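See structure below.
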Amino acid sequence: MSLAGRIALVTGGGRGIGRAIALALAEDGADVAVNYRADDAAAAETVTAIEALGRRALAVRASVDSLADDEAMVARVTEELGPIDILVNNAGIASRGRFVADTDPAELLRVLGTHAIGAHHVTRLVLPGMRTRPRGDVIMISSIATADHLPGGAPYAMGKAALEALAHTLAKEERPHGIRVNIVAPSLVDTEMGRRLARAVTGQDDIHRLDATSPFGRVCRPDDVANVVRFLVSDRGEYLSGQRIYVDGGGRSLG
């Protein structure tokens, strides 16, 4: 599944799912720009790991909900690495688990801004360069929250639902330009955010206490998500677009 010669931008790529995706794409031959919002050390570590694989890498600090940040980020990546032909919209934040009646309006705007509006900004900015490439891929990292609609999760579910609407629309618009657009929707993943979610909802300090009640005896891992992404953007995923793939072990758990 060679991605040699391709340039990827992974938002929220310094840690967790984003880091696993960035490394997987680099392992398959892509040069990777790692977007992050706050954790300089984590982003630098991810870049070092990519470079150790023999690939070019770039860490770019930007809040995806800021149009000015996004414009500067895409311009820098394009200048230093080349036109982006793989975009993974992975950046995300959790909502606080409050019912709609108790949700702070500022929280709603913040969550929607990161998951949906930010993804729209970055995608729009990347598309002109992507259209010039032999092939383009846009991957949206969503969640089973769009299927489960659990109480206390309205901002997060709304943000991911809007992200999926963007993906389905974009898949139709960009097909004539050779761009594939797909959605990857995991269940609860063993990341820092996933561990916080598990603690908030179940009271468990150790996410692996949920292994016994999860499909195949374990919660989802970042690499499980990354492996689906690397397939979709490879030649083996050439005829897939407009698809939503659940990475949940065929079951349902927190997400």
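Each chain in the structure tokens gets a letter, A, B, ..., in the order shown, and its residues are numbered from 1; ligands are numbered from 1 in order too.
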Item to check | stretch 83-99 of chain A surroundings by only C-alpha atoms, 8 Å radius, close-in-sequence under 4 positions cut, as a PyMOL selection string | outcome: chain A and resi 6-13+17-18+64+77-79+103+107-108+111+114-115+119+123+126+129-130+133+135-142+151-156+193+233
Checklist entry - Can you tell me, as a ChimeraX atom specification, what residues are no more than 12 Å from A:Thr169 when counting only C-alpha atoms, ignoring any on the same chain fewer than 6 positions away? => result /A:120,162-163,175,180-183,241-243
Those residues you just picked out, can you put them in a file as an mmCIF file, in the first residue's frame with N, CA and C atoms?
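Writing the result to out01.cif gives the following:
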```cif
data_model
loop_
_atom_site.group_PDB
_atom_site.id
_atom_site.type_symbol
_atom_site.label_atom_id
_atom_site.label_comp_id
_atom_site.auth_asym_id
_atom_site.auth_seq_id
_atom_site.Cartn_x
_atom_site.Cartn_y
_atom_site.Cartn_z
ATOM 1 N N HIS A 120 -14.377 22.091 7.839
ATOM 2 C CA HIS A 120 -14.812 22.745 6.593
ATOM 3 C C HIS A 120 -13.749 23.732 6.133
ATOM 4 N N ALA A 162 -22.459 16.837 11.830
ATOM 5 C CA ALA A 162 -22.177 17.866 10.823
ATOM 6 C C ALA A 162 -20.943 17.511 10.008
ATOM 7 N N LEU A 163 -19.942 16.938 10.662
ATOM 8 C CA LEU A 163 -18.744 16.486 9.956
ATOM 9 C C LEU A 163 -19.095 15.428 8.916
ATOM 10 N N ARG A 175 -15.878 14.124 -6.688
ATOM 11 C CA ARG A 175 -15.631 12.916 -7.476
ATOM 12 C C ARG A 175 -15.078 13.239 -8.860
ATOM 13 N N ARG A 180 -11.442 11.152 -3.268
ATOM 14 C CA ARG A 180 -12.294 10.248 -2.493
ATOM 15 C C ARG A 180 -12.499 10.841 -1.105
ATOM 16 N N VAL A 181 -13.701 10.712 -0.582
ATOM 17 C CA VAL A 181 -14.026 11.238 0.744
ATOM 18 C C VAL A 181 -14.729 10.141 1.532
ATOM 19 N N ASN A 182 -14.176 9.801 2.676
ATOM 20 C CA ASN A 182 -14.741 8.726 3.485
ATOM 21 C C ASN A 182 -14.714 9.080 4.969
ATOM 22 N N ILE A 183 -15.539 8.371 5.728
ATOM 23 C CA ILE A 183 -15.708 8.589 7.166
ATOM 24 C C ILE A 183 -15.258 7.346 7.910
ATOM 25 N N SER A 241 -15.692 5.676 -1.920
ATOM 26 C CA SER A 241 -15.911 7.078 -1.604
ATOM 27 C C SER A 241 -17.329 7.239 -1.078
ATOM 28 N N GLY A 242 -17.511 8.216 -0.199
ATOM 29 C CA GLY A 242 -18.828 8.451 0.384
ATOM 30 C C GLY A 242 -19.238 7.394 1.386
ATOM 31 N N GLN A 243 -18.269 6.657 1.937
ATOM 32 C CA GLN A 243 -18.576 5.558 2.849
ATOM 33 C C GLN A 243 -18.316 5.947 4.301
#
```
Next on the checklist: I'd like to know which residues of stretch 22-198 of chain A are strand (DSSP E or B) (by DSSP, run on the backbone); could you write them as a VMD selection string?
Outcome noted: chain A and resid 31 to 36 57 to 61 86 to 89 136 to 141 179 to 186 189
Could the residues in this selection be saved with C-alpha atoms as an mmCIF file, in the first residue's frame?
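File written: selection.cif
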```cif
data_model
loop_
_atom_site.group_PDB
_atom_site.id
_atom_site.type_symbol
_atom_site.label_atom_id
_atom_site.label_comp_id
_atom_site.auth_asym_id
_atom_site.auth_seq_id
_atom_site.Cartn_x
_atom_site.Cartn_y
_atom_site.Cartn_z
ATOM 1 C CA ASP A 31 5.376 12.729 3.996
ATOM 2 C CA VAL A 32 3.241 14.032 6.856
ATOM 3 C CA ALA A 33 2.345 17.403 8.326
ATOM 4 C CA VAL A 34 1.244 17.085 11.945
ATOM 5 C CA ASN A 35 -1.226 19.715 13.089
ATOM 6 C CA TYR A 36 -1.640 20.326 16.806
ATOM 7 C CA ALA A 57 7.594 15.696 8.533
ATOM 8 C CA LEU A 58 6.428 19.064 9.763
ATOM 9 C CA ALA A 59 4.697 20.118 12.985
ATOM 10 C CA VAL A 60 2.263 23.007 12.529
ATOM 11 C CA ARG A 61 0.561 24.652 15.489
ATOM 12 C CA ILE A 86 -4.302 13.283 1.835
ATOM 13 C CA LEU A 87 -6.244 15.241 4.452
ATOM 14 C CA VAL A 88 -7.331 13.577 7.680
ATOM 15 C CA ASN A 89 -9.749 15.757 9.649
ATOM 16 C CA GLY A 136 -6.885 13.064 -3.476
ATOM 17 C CA ASP A 137 -8.289 11.614 -0.254
ATOM 18 C CA VAL A 138 -10.193 13.306 2.553
ATOM 19 C CA ILE A 139 -10.874 11.244 5.661
ATOM 20 C CA MET A 140 -13.212 12.429 8.406
ATOM 21 C CA ILE A 141 -12.683 10.855 11.829
ATOM 22 C CA ILE A 179 -10.944 12.959 -4.793
ATOM 23 C CA ARG A 180 -12.294 10.248 -2.493
ATOM 24 C CA VAL A 181 -14.026 11.238 0.744
ATOM 25 C CA ASN A 182 -14.741 8.726 3.485
ATOM 26 C CA ILE A 183 -15.708 8.589 7.166
ATOM 27 C CA VAL A 184 -14.081 6.449 9.845
ATOM 28 C CA ALA A 185 -16.194 6.190 12.997
ATOM 29 C CA PRO A 186 -14.636 4.403 15.985
ATOM 30 C CA VAL A 189 -10.654 4.400 21.852
#
```
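Taking atom CA of A:Glu27 as the reference point, atom CA of A:Pro176 is found at 29.2 Å.
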Item to check | Atomic separation - atom CA of A:Ser143 relative to atom CA of A:Asp70, Å | outcome: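 We find that atom CA of A:Asp70 and atom CA of A:Ser143 lie 23.3 Å from each other.
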Next on the checklist: Can you pull out the residues contacting A:Asn227? Cut-off 9 Å, using only C-alpha atoms, and skip same-chain residues under 6 positions away; I want them as number ranges by chain.
Outcome noted: A: 20-21, 24
Mind dumping the selected residues with C-alpha atoms as a PDB file, in the first residue's frame?
```pdb
ATOM      1  CA  ALA A  20      -1.304   6.676  15.076  1.00  0.00           C
ATOM      2  CA  ILE A  21      -2.664   7.797  11.704  1.00  0.00           C
ATOM      3  CA  ALA A  24       0.799   4.729   9.694  1.00  0.00           C
TER       4      ALA A  24
END
```
Item to check | Exercise: A:Ser187 partners within 12 Å, only C-alpha atoms, chain neighbours under 3 positions left out, as a VMD selection string | outcome: chain A and resid 17 141 to 148 184 190 to 191 194 197 to 198 214 to 215 218 to 222 224 to 225 245 to 255
Item to check | Residues flagged alpha helix (DSSP H) by DSSP in stretch 9-174 of chain A, as a VMD selection string | outcome: chain A and resid 16 to 27 40 to 52 67 to 80 105 to 112 118 to 130 145 to 148 154 to 174
Checklist entry - Using only C-alpha atoms, which residue out of A:Leu127, A:Arg15, A:Pro105, A:Glu174 lies closest to A:Ala41? => result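 Of all the options, A:Arg15 lies closest to A:Ala41.
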Next on the checklist: Using only C-alpha atoms, can you tell me which of A:Ala22, A:Leu67, A:Ala30, A:Gly14 comes closest to A:Ala42?
Outcome noted: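 Distance minimum relative to A:Ala42 lands on A:Gly14.
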Selection: 10 Å around A:Arg55, only C-alpha atoms, excl. self and same-chain fewer than 5 positions, as a CSV table (one decimal) with N, CA and C atoms, in the first residue's frame:
```csv
chain,number,residue,atom,x,y,z
A,4,ALA,N,4.1,6.5,-1.5
A,4,ALA,CA,5.3,7.3,-1.9
A,4,ALA,C,4.9,8.4,-2.8
A,23,LEU,N,1.7,8.2,11.8
A,23,LEU,CA,2.8,7.3,11.7
A,23,LEU,C,2.4,6.2,10.7
A,25,LEU,N,0.6,6.5,8.0
A,25,LEU,CA,0.8,7.0,6.6
A,25,LEU,C,2.3,7.1,6.3
A,26,ALA,N,3.1,7.5,7.3
A,26,ALA,CA,4.5,7.6,7.1
A,26,ALA,C,5.1,6.2,6.8
A,27,GLU,N,4.7,5.2,7.5
A,27,GLU,CA,5.1,3.9,7.3
A,27,GLU,C,4.9,3.4,5.9
A,28,ASP,N,3.8,3.9,5.3
A,28,ASP,CA,3.4,3.5,4.0
A,28,ASP,C,4.0,4.4,2.9
A,29,GLY,N,4.8,5.4,3.3
A,29,GLY,CA,5.6,6.2,2.4
A,29,GLY,C,5.2,7.6,2.2
A,30,ALA,N,4.2,8.1,2.9
A,30,ALA,CA,3.8,9.5,2.8
A,30,ALA,C,4.7,10.4,3.6
A,31,ASP,N,4.8,11.7,3.2
A,31,ASP,CA,5.4,12.7,4.0
A,31,ASP,C,4.2,13.3,4.7
A,32,VAL,N,4.4,13.7,6.0
A,32,VAL,CA,3.2,14.0,6.9
A,32,VAL,C,3.4,15.3,7.6
A,47,VAL,N,6.8,14.0,15.1
A,47,VAL,CA,7.6,14.4,13.9
A,47,VAL,C,8.9,13.6,13.9
A,48,THR,N,9.5,13.5,15.1
A,48,THR,CA,10.8,12.7,15.2
A,48,THR,C,10.6,11.3,14.8
A,49,ALA,N,9.4,10.7,15.2
A,49,ALA,CA,9.1,9.3,14.9
A,49,ALA,C,8.9,9.1,13.4
A,50,ILE,N,8.3,10.1,12.8
A,50,ILE,CA,8.0,10.1,11.3
A,50,ILE,C,9.4,10.2,10.6
```
Checklist entry - Using only C-alpha atoms, which of the listed residues (A:Arg195, A:Ala212, A:Tyr239, A:Glu164) sits closest to A:Gly178? => result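 Residue with the minimum atom-to-atom distance to A:Gly178: A:Tyr239.
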